[in-house]
Amino acid sequence: MGDNLKKRIGMSLFGVIICAISVGIFKIAALGVDPFQSFMAGLDAVIPIEFGTLYVITNAVMLIFALVFDKHYIGIATFINLFLLGYITQFTYSFLQTIIVEPSIGIRILCLVIGVVIICFGSAFYMTADLGVSTYDAVALIICNTWKKGKFQYVRIITDLVCVILGVALFLLAGGTPAQILTIAGVGTIITAFFMGPLIEFFNVHIARPVLKGKNDVNK
């Protein structure tokens, strides 16, 4: 295994771990999570198994979809995401609940800001490593690039909206109240769906790409 591949695998692993921690922080903020996690929150409310296992099962279904229709989006990072993200998120959320009990709105907003910064930081490493995408990302890429059913940005907005709608519907079906909807589909959902790009690119340019290139190659 070449040094570059080892570094890329390390970056993928680091990126997934950071993203998973950020999702746990988003859950503590309870001001909305990213669209796919909105769906997972609804599913989690309906299906009585631990979140980490549910995440693996859900992504395994989407993995089968990706393998059938266009497997070239699947790589090492896809499996790192599939098997680790859910369990690390579950651990992070459970741990934070023991130290942040009944957080005030100020603490929740602070957690949301921290969550956004951290998820962008982790995403930059994950994306720069370029060793495959998450199964959810693969769905939109297959629809637009393989099936030729529209531009990625529009297809992704549609898949995100579907996730949020399904998540909210499942959440209400499980007994959640309309007033609680903003905890899984709120301002945090809007921010992660539409405004993360510039911050991810900032971390790409200033941290992730220089790390991948190495100190001697940064200025090349």
# chains A, B, ... in the order shown; residues from 1 in each chain; ligands from 1

$ select_by_dssp --residues "chain A" --states "alpha helix (DSSP H)" --output "number ranges by chain"
A: 3-29, 35-46, 51-69, 76-99, 105-129, 135-141, 152-173, 187-194, 197-203, 209-213

$ residues_around --residues "A:Leu131" --least-positions-apart "2" --cutoff "8 Å" --atoms "only C-alpha atoms" --output "NGL selection string"
:A and (8-9 or 12 or 74-78 or 127 or 129 or 133)

$ residues_around --residues "stretch 25-40 of chain A" --least-positions-apart "2" --cutoff "9 Å" --atoms "only C-alpha atoms" --output "MDAnalysis selection string"
chainID A and resid 20:23 42:45 51 54:55 58 89 92:93 96:97 100 103 105 107:116 136 159:168 170:171 181:193

$ closest_residue --among "A:Ala174, A:Ile49, A:Ile158, A:Cys120" --to "A:Ile207" --atoms "only C-alpha atoms"
A:Cys120

$ atom_distance --atom1 "atom CA of A:Thr128" --atom2 "atom CA of A:Phe65"
24.4 Å
